[in-house]
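Participant: Provided herewith: final_28.csv, CSV, C-alpha atoms and all ligand atoms.
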```csv
chain,number,residue,atom,x,y,z
A,1,MET,CA,84.0,156.2,51.0
A,2,LYS,CA,85.4,153.9,53.7
A,3,THR,CA,88.0,155.4,56.1
A,4,PHE,CA,89.6,152.1,57.1
A,5,ASN,CA,90.5,148.8,55.3
A,6,VAL,CA,90.0,146.9,58.5
A,7,LEU,CA,88.3,147.3,61.9
A,8,VAL,CA,89.9,145.0,64.4
A,9,VAL,CA,87.7,144.1,67.4
A,10,GLY,CA,89.7,142.3,70.1
A,11,GLU,CA,91.3,142.0,73.5
A,12,LEU,CA,94.0,144.4,74.7
A,13,ASN,CA,96.5,143.9,77.4
A,14,VAL,CA,99.9,144.8,78.6
A,15,ASP,CA,102.6,142.1,79.0
A,16,ILE,CA,105.1,142.5,81.9
A,17,ILE,CA,107.8,140.1,80.9
A,18,LEU,CA,110.3,139.0,83.6
A,19,ASN,CA,113.5,137.4,82.2
A,20,LYS,CA,116.6,135.9,83.8
A,21,ILE,CA,114.9,135.0,87.0
A,22,ASP,CA,116.8,133.5,89.9
A,23,GLY,CA,114.9,130.1,90.1
A,24,PHE,CA,111.2,129.5,90.5
A,25,PRO,CA,109.0,131.8,92.6
A,26,LYS,CA,108.2,130.3,96.0
A,27,ILE,CA,105.3,131.4,98.2
A,28,GLY,CA,106.5,133.4,101.1
A,29,LYS,CA,109.8,134.2,99.5
A,30,GLU,CA,111.2,136.8,97.1
A,31,ILE,CA,113.5,136.2,94.1
A,32,LEU,CA,114.9,138.6,91.6
A,33,ALA,CA,114.5,138.9,87.8
A,34,ASN,CA,117.5,140.4,86.0
A,35,ASP,CA,115.7,141.7,83.0
A,36,LEU,CA,112.3,143.4,82.5
A,37,ASN,CA,110.3,144.2,79.4
A,38,ILE,CA,106.9,146.0,79.4
A,39,THR,CA,105.1,145.7,76.0
A,40,LEU,CA,101.7,145.7,74.3
A,41,GLY,CA,100.5,142.1,74.5
A,42,SER,CA,97.4,140.5,73.0
A,43,SER,CA,97.1,138.7,69.7
A,44,SER,CA,94.5,141.1,68.3
A,45,ALA,CA,97.0,144.0,68.8
A,46,ILE,CA,99.8,142.0,67.1
A,47,PHE,CA,97.4,141.3,64.1
A,48,ALA,CA,96.4,145.0,63.9
A,49,SER,CA,100.0,146.3,64.2
A,50,ASN,CA,101.4,144.0,61.5
A,51,LEU,CA,98.5,144.5,59.2
A,52,SER,CA,99.2,148.2,59.4
A,53,SER,CA,102.9,147.6,58.8
A,54,LEU,CA,101.8,145.7,55.6
A,55,GLU,CA,100.4,149.1,54.5
A,56,ASN,CA,96.7,148.7,55.4
A,57,ASN,CA,94.6,151.3,57.0
A,58,VAL,CA,93.6,149.8,60.4
A,59,ALA,CA,91.4,150.9,63.3
A,60,PHE,CA,91.0,149.1,66.6
A,61,LEU,CA,88.0,148.7,68.9
A,62,GLY,CA,88.5,147.1,72.3
A,63,LYS,CA,87.9,148.0,76.0
A,64,ILE,CA,90.6,149.1,78.4
A,65,GLY,CA,90.8,151.0,81.7
A,66,GLU,CA,91.7,154.5,82.5
A,67,ASP,CA,95.1,153.8,83.9
A,68,ASN,CA,98.8,154.0,83.0
A,69,PHE,CA,98.7,150.6,81.2
A,70,ALA,CA,95.9,152.0,79.0
A,71,ASN,CA,98.4,154.6,77.7
A,72,ILE,CA,101.0,152.0,77.0
A,73,ILE,CA,98.5,150.3,74.8
A,74,THR,CA,97.2,153.3,72.8
A,75,ASP,CA,100.8,154.7,72.4
A,76,SER,CA,102.1,151.4,71.1
A,77,LEU,CA,99.2,151.0,68.6
A,78,GLU,CA,99.5,154.6,67.4
A,79,LEU,CA,103.3,154.1,66.9
A,80,LYS,CA,102.3,151.4,64.4
A,81,LYS,CA,99.8,153.9,62.8
A,82,VAL,CA,96.8,151.9,64.1
A,83,ASN,CA,93.8,154.2,64.7
A,84,THR,CA,92.7,154.1,68.4
A,85,ASP,CA,89.7,156.5,68.2
A,86,PHE,CA,87.2,153.6,68.8
A,87,ILE,CA,89.0,152.1,71.8
A,88,ILE,CA,86.7,152.4,74.8
A,89,LYS,CA,88.2,153.6,78.1
A,90,THR,CA,86.3,152.8,81.3
A,91,THR,CA,86.8,153.8,84.9
A,92,GLN,CA,84.9,150.8,86.0
A,93,HIS,CA,87.5,148.2,85.1
A,94,LYS,CA,91.2,147.9,84.9
A,95,THR,CA,93.3,147.3,81.8
A,96,GLY,CA,94.1,143.7,81.1
A,97,LEU,CA,97.5,142.5,82.2
A,98,THR,CA,99.7,139.5,81.8
A,99,ILE,CA,102.8,138.8,83.9
A,100,VAL,CA,105.1,136.5,82.0
A,101,MET,CA,107.9,134.7,83.8
A,102,ASN,CA,110.4,133.4,81.2
A,103,TYR,CA,112.5,130.4,81.8
A,104,ASP,CA,114.6,129.7,78.6
A,105,MET,CA,112.0,128.3,76.1
A,106,ASP,CA,109.4,127.8,78.8
A,107,ARG,CA,107.2,130.3,80.6
A,108,ALA,CA,104.7,130.7,83.3
A,109,ASN,CA,101.9,133.3,82.7
A,110,VAL,CA,99.4,134.9,85.0
A,111,THR,CA,96.7,137.0,83.3
A,112,TYR,CA,94.1,139.4,84.7
A,113,PRO,CA,91.6,139.9,81.8
A,114,GLY,CA,90.1,143.1,83.3
A,115,ALA,CA,88.2,145.4,80.9
A,116,MET,CA,88.4,143.1,77.9
A,117,GLU,CA,85.7,140.9,79.4
A,118,TYR,CA,83.3,143.8,79.5
A,119,LEU,CA,83.2,144.7,75.8
A,120,LEU,CA,79.7,144.1,74.6
A,121,GLU,CA,78.1,143.6,71.2
A,122,LYS,CA,76.2,146.8,71.6
A,123,ASP,CA,79.5,148.7,72.1
A,124,ILE,CA,80.3,148.2,68.4
A,125,SER,CA,77.9,150.5,66.6
A,126,ASP,CA,76.8,150.3,63.0
A,127,ALA,CA,78.2,153.9,62.6
A,128,VAL,CA,81.7,152.5,63.4
A,129,LEU,CA,81.3,149.3,61.4
A,130,ILE,CA,80.4,151.1,58.2
A,131,LYS,CA,83.7,153.1,58.3
A,132,ALA,CA,85.6,149.9,57.5
A,133,LYS,CA,85.6,147.5,54.5
A,134,HIS,CA,86.5,144.5,56.6
A,135,LEU,CA,85.8,143.3,60.2
A,136,HIS,CA,88.4,141.1,62.0
A,137,LEU,CA,87.8,139.7,65.4
A,138,SER,CA,90.3,137.7,67.4
A,139,SER,CA,90.4,135.9,70.8
A,140,ILE,CA,86.7,135.4,71.2
A,141,PHE,CA,87.0,133.2,74.3
A,142,LEU,CA,88.9,135.9,76.2
A,143,GLN,CA,86.1,138.4,75.5
A,144,THR,CA,83.4,136.7,77.6
A,145,GLY,CA,81.0,139.7,77.4
A,146,LEU,CA,81.0,139.4,73.6
A,147,LEU,CA,81.0,135.7,73.3
A,148,THR,CA,77.2,135.0,73.5
A,149,ASP,CA,76.3,137.7,71.0
A,150,ILE,CA,79.2,137.2,68.5
A,151,ASP,CA,76.9,135.9,65.8
A,152,LYS,CA,74.9,139.1,66.0
A,153,LEU,CA,77.9,141.3,65.4
A,154,PHE,CA,79.0,139.3,62.4
A,155,LYS,CA,75.5,139.3,61.0
A,156,ARG,CA,75.3,143.0,61.3
A,157,ALA,CA,78.7,143.5,59.7
A,158,LYS,CA,77.7,141.4,56.7
A,159,ALA,CA,74.3,143.2,56.4
A,160,LEU,CA,76.3,146.5,56.3
A,161,GLY,CA,78.4,145.1,53.4
A,162,LEU,CA,81.7,144.3,55.2
A,163,THR,CA,83.8,141.2,54.6
A,164,THR,CA,84.7,139.4,57.8
A,165,SER,CA,87.3,137.2,59.5
A,166,LEU,CA,87.6,135.5,62.8
A,167,ASP,CA,90.6,133.9,64.6
A,168,PRO,CA,89.0,132.2,67.6
A,169,GLN,CA,92.4,131.6,69.5
A,170,TRP,CA,92.6,129.2,72.4
A,171,ASP,CA,89.8,128.9,75.0
A,172,PRO,CA,91.3,129.0,78.5
A,173,SER,CA,88.1,127.5,79.9
A,174,GLU,CA,88.5,124.7,77.3
A,175,LYS,CA,84.7,124.5,76.9
A,176,TRP,CA,84.8,125.7,73.3
A,177,ASN,CA,81.3,127.0,73.6
A,178,LEU,CA,80.7,128.6,70.2
A,179,ASP,CA,77.6,127.9,68.0
A,180,LEU,CA,79.4,127.5,64.7
A,181,GLU,CA,76.2,126.8,62.8
A,182,LYS,CA,74.8,130.2,63.8
A,183,LEU,CA,78.1,132.1,63.4
A,184,LEU,CA,80.1,130.7,60.4
A,185,PRO,CA,77.6,131.7,57.7
A,186,TYR,CA,78.6,135.3,58.5
A,187,VAL,CA,82.3,134.7,58.7
A,188,ASP,CA,84.0,134.9,55.3
A,189,VAL,CA,87.4,133.7,56.6
A,190,PHE,CA,87.7,131.4,59.7
A,191,LEU,CA,91.3,131.3,60.9
A,192,PRO,CA,91.9,128.8,63.8
A,193,ASN,CA,95.1,126.8,64.3
A,194,THR,CA,95.0,123.0,64.0
A,195,GLU,CA,94.4,122.3,67.7
A,196,GLU,CA,91.8,125.0,68.1
A,197,PHE,CA,90.0,123.7,64.9
A,198,LYS,CA,89.8,120.2,66.3
A,199,PHE,CA,88.5,121.3,69.7
A,200,ILE,CA,86.0,123.8,68.3
A,201,THR,CA,84.5,121.3,65.9
A,202,GLY,CA,84.8,118.4,68.4
A,203,SER,CA,86.8,116.3,65.9
A,204,THR,CA,90.0,114.3,66.0
A,205,ASP,CA,91.3,115.4,62.6
A,206,ILE,CA,90.9,118.2,60.1
A,207,GLN,CA,88.9,116.3,57.5
A,208,SER,CA,86.2,115.2,59.9
A,209,GLY,CA,86.0,118.7,61.3
A,210,LEU,CA,85.5,120.1,57.9
A,211,ASN,CA,82.8,117.5,57.1
A,212,LYS,CA,80.9,118.8,60.1
A,213,ILE,CA,81.0,122.5,59.3
A,214,LYS,CA,80.8,122.1,55.5
A,215,PRO,CA,77.1,122.8,55.2
A,216,TYR,CA,77.4,126.4,56.6
A,217,ALA,CA,81.1,127.4,56.5
A,218,ASN,CA,82.8,129.7,54.1
A,219,LEU,CA,86.6,129.9,53.7
A,220,VAL,CA,88.4,127.9,56.5
A,221,VAL,CA,92.1,128.5,56.9
A,222,ILE,CA,93.9,126.2,59.4
A,223,LYS,CA,97.3,127.2,60.6
A,224,ASP,CA,99.6,124.2,61.2
A,225,GLY,CA,102.8,125.5,62.7
A,226,GLU,CA,106.0,124.5,61.0
A,227,ASN,CA,103.9,122.3,58.6
A,228,GLY,CA,102.4,125.5,57.0
A,229,ALA,CA,98.7,125.9,56.6
A,230,HIS,CA,95.5,124.5,54.9
A,231,LEU,CA,92.6,126.2,53.2
A,232,TRP,CA,89.1,124.8,52.6
A,233,ASP,CA,87.7,126.8,49.7
A,234,THR,CA,84.2,125.3,50.3
A,235,LYS,CA,85.0,122.6,47.8
A,236,LYS,CA,88.5,121.2,48.3
A,237,LEU,CA,91.3,121.3,50.7
A,238,ILE,CA,94.5,123.1,49.6
A,239,SER,CA,97.7,122.8,51.7
A,240,LYS,CA,100.9,124.8,51.5
A,241,VAL,CA,104.1,124.0,53.3
A,242,ALA,CA,105.8,126.6,55.5
A,243,PHE,CA,108.8,128.7,54.6
A,244,LEU,CA,110.6,126.7,57.2
A,245,ASN,CA,112.7,128.7,59.6
A,246,GLU,CA,115.4,126.5,61.2
A,247,ASN,CA,116.4,129.2,63.6
A,248,VAL,CA,113.2,130.2,65.3
A,249,VAL,CA,113.7,132.9,67.9
A,250,ASP,CA,110.2,132.4,69.3
A,251,CYS,CA,106.7,131.7,67.9
A,252,ILE,CA,104.8,134.4,69.8
A,253,GLY,CA,102.3,135.9,67.4
A,254,ALA,CA,103.1,133.6,64.4
A,255,GLY,CA,99.5,132.9,63.9
A,256,ASP,CA,98.5,136.5,64.2
A,257,SER,CA,101.2,137.5,61.6
A,258,PHE,CA,99.9,134.7,59.4
A,259,ASP,CA,96.4,136.2,59.7
A,260,ALA,CA,97.7,139.7,58.8
A,261,GLY,CA,99.4,138.4,55.7
A,262,PHE,CA,96.4,136.3,54.6
A,263,ILE,CA,93.9,139.1,55.2
A,264,SER,CA,96.1,141.7,53.5
A,265,GLU,CA,96.1,139.7,50.3
A,266,PHE,CA,92.4,138.7,50.7
A,267,LEU,CA,91.5,142.4,50.8
A,268,LYS,CA,93.4,142.9,47.5
A,269,GLU,CA,91.2,140.1,46.1
A,270,LYS,CA,94.2,137.9,45.4
A,271,ASP,CA,93.4,134.2,44.7
A,272,TYR,CA,93.3,132.0,47.8
A,273,GLU,CA,96.5,130.1,47.1
A,274,LYS,CA,98.3,133.5,47.0
A,275,CYS,CA,96.7,134.5,50.3
A,276,LEU,CA,97.8,131.2,51.8
A,277,GLU,CA,101.4,131.6,50.6
A,278,PHE,CA,101.5,135.2,51.9
A,279,GLY,CA,100.2,134.1,55.3
A,280,ASN,CA,102.9,131.5,55.4
A,281,ILE,CA,105.6,134.0,54.6
A,282,THR,CA,104.4,136.5,57.2
A,283,GLY,CA,104.1,133.7,59.7
A,284,ALA,CA,107.6,132.7,59.0
A,285,ILE,CA,108.9,136.3,59.2
A,286,ASN,CA,107.3,136.5,62.6
A,287,THR,CA,109.5,133.7,63.9
A,288,THR,CA,112.8,135.5,63.0
A,289,ALA,CA,112.6,138.0,65.9
A,290,SER,CA,111.4,138.0,69.5
A,291,GLY,CA,107.7,138.6,70.1
A,292,GLY,CA,104.9,139.2,67.6
A,293,THR,CA,105.8,142.6,66.1
A,294,THR,CA,109.6,143.1,66.2
A,295,ALA,CA,110.1,141.7,62.7
A,296,PHE,CA,107.3,143.9,61.3
A,297,GLU,CA,108.8,147.3,62.0
A,298,ASN,CA,107.9,148.6,58.5
A,299,ILE,CA,107.3,147.4,55.0
A,300,LYS,CA,111.0,147.9,54.0
A,301,ILE,CA,112.3,145.7,56.8
A,302,ILE,CA,109.5,143.1,56.2
A,303,LYS,CA,110.6,142.8,52.5
A,304,GLU,CA,114.2,142.6,53.5
A,305,ILE,CA,113.6,139.7,55.9
A,306,ALA,CA,111.5,137.9,53.3
A,307,LYS,CA,114.3,138.3,50.7
A,308,THR,CA,117.3,137.5,52.8
A,309,LYS,CA,115.9,134.8,55.1
A,310,PHE,CA,113.4,133.1,52.8
A,311,SER,CA,114.4,134.1,49.2
A,312,TYR,CA,110.9,135.5,48.8
A,313,GLN,CA,110.0,138.6,46.8
A,314,LEU,CA,107.2,140.4,48.8
A,401,LIG,N1,109.1,127.1,62.3
A,401,LIG,C1,108.4,127.8,61.5
A,401,LIG,N2,109.0,128.2,60.3
A,401,LIG,C2,108.3,128.9,59.4
A,401,LIG,N3,107.0,129.2,59.5
A,401,LIG,C3,106.4,128.9,60.7
A,401,LIG,C4,107.0,128.2,61.7
A,401,LIG,N4,106.2,128.0,62.7
A,401,LIG,C5,105.0,128.6,62.4
A,401,LIG,N5,105.1,129.2,61.1
A,401,LIG,C6,104.1,129.9,60.4
A,401,LIG,O1,103.2,130.6,61.2
A,401,LIG,C7,101.9,130.1,61.0
A,401,LIG,C8,101.1,130.2,62.3
A,401,LIG,O2,101.7,129.3,63.3
A,401,LIG,P1,100.8,128.4,64.3
A,401,LIG,O3,101.7,128.0,65.4
A,401,LIG,O4,100.1,127.3,63.5
A,401,LIG,O5,99.7,129.4,64.7
A,401,LIG,P2,99.3,130.0,66.2
A,401,LIG,O6,100.4,130.9,66.5
A,401,LIG,O7,98.0,130.6,66.1
A,401,LIG,O8,99.3,128.8,67.1
A,401,LIG,C9,102.0,128.8,60.4
A,401,LIG,O9,100.8,128.5,59.7
A,401,LIG,C10,103.2,129.0,59.5
A,401,LIG,O10,102.9,129.6,58.3
A,402,MG,MG,96.8,131.8,67.1
```
Here is a file; write its structure as structure tokens.

Facilitator:
Amino acid sequence: MKTFNVLVVGELNVDIILNKIDGFPKIGKEILANDLNITLGSSSAIFASNLSSLENNVAFLGKIGEDNFANIITDSLELKKVNTDFIIKTTQHKTGLTIVMNYDMDRANVTYPGAMEYLLEKDISDAVLIKAKHLHLSSIFLQTGLLTDIDKLFKRAKALGLTTSLDPQWDPSEKWNLDLEKLLPYVDVFLPNTEEFKFITGSTDIQSGLNKIKPYANLVVIKDGENGAHLWDTKKLISKVAFLNENVVDCIGAGDSFDAGFISEFLKEKDYEKCLEFGNITGAINTTASGGTTAFENIKIIKEIAKTKFSYQL
């Protein structure tokens, strides 16, 4: 018997968000922010929290320090009923942290990756993998310790009978160093957004990117912002328009919420069009409240938003 539907492997960090700042920071001077918010950041955590709110049994594996920020992370995940038993705490590194300076719709971020860069492939044992039906990994380029051996992890997961998914997310180094030919055969669902897909495949458009990876890719789901999303089912491309939200609060975590909706249906073995539609609705729900998890408080609230804002029966 499996204990968890999904094991999420990913980056963990705290966001310190400064709002209502008196102008731009200047070196050698001090300015004030009139509002402060300290929350769990990281797209892997948004995915795990929202997948749990969609009534899946989720466990998290990541690396954090042994500091106060680490407690914010585990407390926040546990509040969303995400199991934190496999999160590795180390005294050698500090918990990752992002300072966000918000200026209306724009922002300036400074990130210290810390412990997340030191999670290694060998830290994820077979004994932990077999506890889950599905492995999801997000933000591979932020997890530099894992990057070179990522194909080994997915190969192991498949050999142990898990289904798998990967959301690569943006590469801050913009090198896009990922051996897709080696990796994608072991990834059941590949979940980049359009920009990431083009860079990762070295292509100028979706179709030519798909032509390159066709020989070895499985399902490819490409998120396309307010246009919705596209799915390559290994034979043809299916596109579905978004449940357009005209009053977007912000798009933080929309892609992660899309992933949570898609994978939630994928695990129930729903057909791919249904998974795509569900991803679009959870992506849209995400945009109705600030940050990545606010709209996903619990299943009752999620259903309510789907019904009232998008006339969608969840
Ligand atoms: N304005 C919007 N209205 C409704 N849905 C949206 C909107 N923007 C994004 N979405 C949904 O969120 C999904 C993910 O957004 P996208 O920006 O493509 O991903 P990422 O956050 O990874 O960059 C989209 O595929 C779509 O379903
Ligand atoms: Mg994304």

Participant: Smallest atom-to-atom distance to Ile72 (chain A): which of A:Phe154, A:Asp171, A:Val14, A:Ser53, using only C-alpha atoms?

Facilitator: A:Val14

Participant: What lies within 9 Å of Leu314 (chain A) using only C-alpha atoms, ignoring chain neighbours under 4 positions off, as a PDB file with C-alpha atoms, keeping the file's coordinate frame?

Facilitator:
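Final output, saved to part31.pdb:
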```pdb
ATOM      1  CA  PHE A 278     101.500 135.200  51.900  1.00  0.00           C
ATOM      2  CA  ILE A 281     105.600 134.000  54.600  1.00  0.00           C
ATOM      3  CA  ILE A 302     109.500 143.100  56.200  1.00  0.00           C
ATOM      4  CA  LYS A 303     110.600 142.800  52.500  1.00  0.00           C
ATOM      5  CA  GLU A 304     114.200 142.600  53.500  1.00  0.00           C
ATOM      6  CA  ALA A 306     111.500 137.900  53.300  1.00  0.00           C
ATOM      7  CA  LYS A 307     114.300 138.300  50.700  1.00  0.00           C
TER       8      LYS A 307
END
```

Participant: CA of Ile252 (chain A) to atom N1 of ligand LIG 401 (chain A): how many Å, to one decimal?

Facilitator: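 Taking CA of Ile252 (chain A) as the start and atom N1 of ligand LIG 401 (chain A) as the end point, the length is 11.3 Å.
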
Participant: Leu119 (chain A): which residues within 6 Å, counting all atoms listed in the file, same-chain residues fewer than 3 positions away excluded, as a count of residues only?

Facilitator: 3

Participant: To check your reading of the model: which residues sit at most 7 Å from ligand LIG 401 (chain A) when counting all atoms listed in the file? Write the answer as a PyMOL selection string.

Facilitator: chain A and resi 169+192-194+223-229+242-246+248+251-256+258+279-281+283-284+287

Participant: For the residues in the current selection, export C-alpha atoms as a PDB file, in the frame of the given file.

Facilitator:
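Dumped everything to selection00.pdb:
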```pdb
ATOM      1  CA  GLN A 169      92.400 131.600  69.500  1.00  0.00           C
ATOM      2  CA  PRO A 192      91.900 128.800  63.800  1.00  0.00           C
ATOM      3  CA  ASN A 193      95.100 126.800  64.300  1.00  0.00           C
ATOM      4  CA  THR A 194      95.000 123.000  64.000  1.00  0.00           C
ATOM      5  CA  LYS A 223      97.300 127.200  60.600  1.00  0.00           C
ATOM      6  CA  ASP A 224      99.600 124.200  61.200  1.00  0.00           C
ATOM      7  CA  GLY A 225     102.800 125.500  62.700  1.00  0.00           C
ATOM      8  CA  GLU A 226     106.000 124.500  61.000  1.00  0.00           C
ATOM      9  CA  ASN A 227     103.900 122.300  58.600  1.00  0.00           C
ATOM     10  CA  GLY A 228     102.400 125.500  57.000  1.00  0.00           C
ATOM     11  CA  ALA A 229      98.700 125.900  56.600  1.00  0.00           C
ATOM     12  CA  ALA A 242     105.800 126.600  55.500  1.00  0.00           C
ATOM     13  CA  PHE A 243     108.800 128.700  54.600  1.00  0.00           C
ATOM     14  CA  LEU A 244     110.600 126.700  57.200  1.00  0.00           C
ATOM     15  CA  ASN A 245     112.700 128.700  59.600  1.00  0.00           C
ATOM     16  CA  GLU A 246     115.400 126.500  61.200  1.00  0.00           C
ATOM     17  CA  VAL A 248     113.200 130.200  65.300  1.00  0.00           C
ATOM     18  CA  CYS A 251     106.700 131.700  67.900  1.00  0.00           C
ATOM     19  CA  ILE A 252     104.800 134.400  69.800  1.00  0.00           C
ATOM     20  CA  GLY A 253     102.300 135.900  67.400  1.00  0.00           C
ATOM     21  CA  ALA A 254     103.100 133.600  64.400  1.00  0.00           C
ATOM     22  CA  GLY A 255      99.500 132.900  63.900  1.00  0.00           C
ATOM     23  CA  ASP A 256      98.500 136.500  64.200  1.00  0.00           C
ATOM     24  CA  PHE A 258      99.900 134.700  59.400  1.00  0.00           C
ATOM     25  CA  GLY A 279     100.200 134.100  55.300  1.00  0.00           C
ATOM     26  CA  ASN A 280     102.900 131.500  55.400  1.00  0.00           C
ATOM     27  CA  ILE A 281     105.600 134.000  54.600  1.00  0.00           C
ATOM     28  CA  GLY A 283     104.100 133.700  59.700  1.00  0.00           C
ATOM     29  CA  ALA A 284     107.600 132.700  59.000  1.00  0.00           C
ATOM     30  CA  THR A 287     109.500 133.700  63.900  1.00  0.00           C
TER      31      THR A 287
END
```
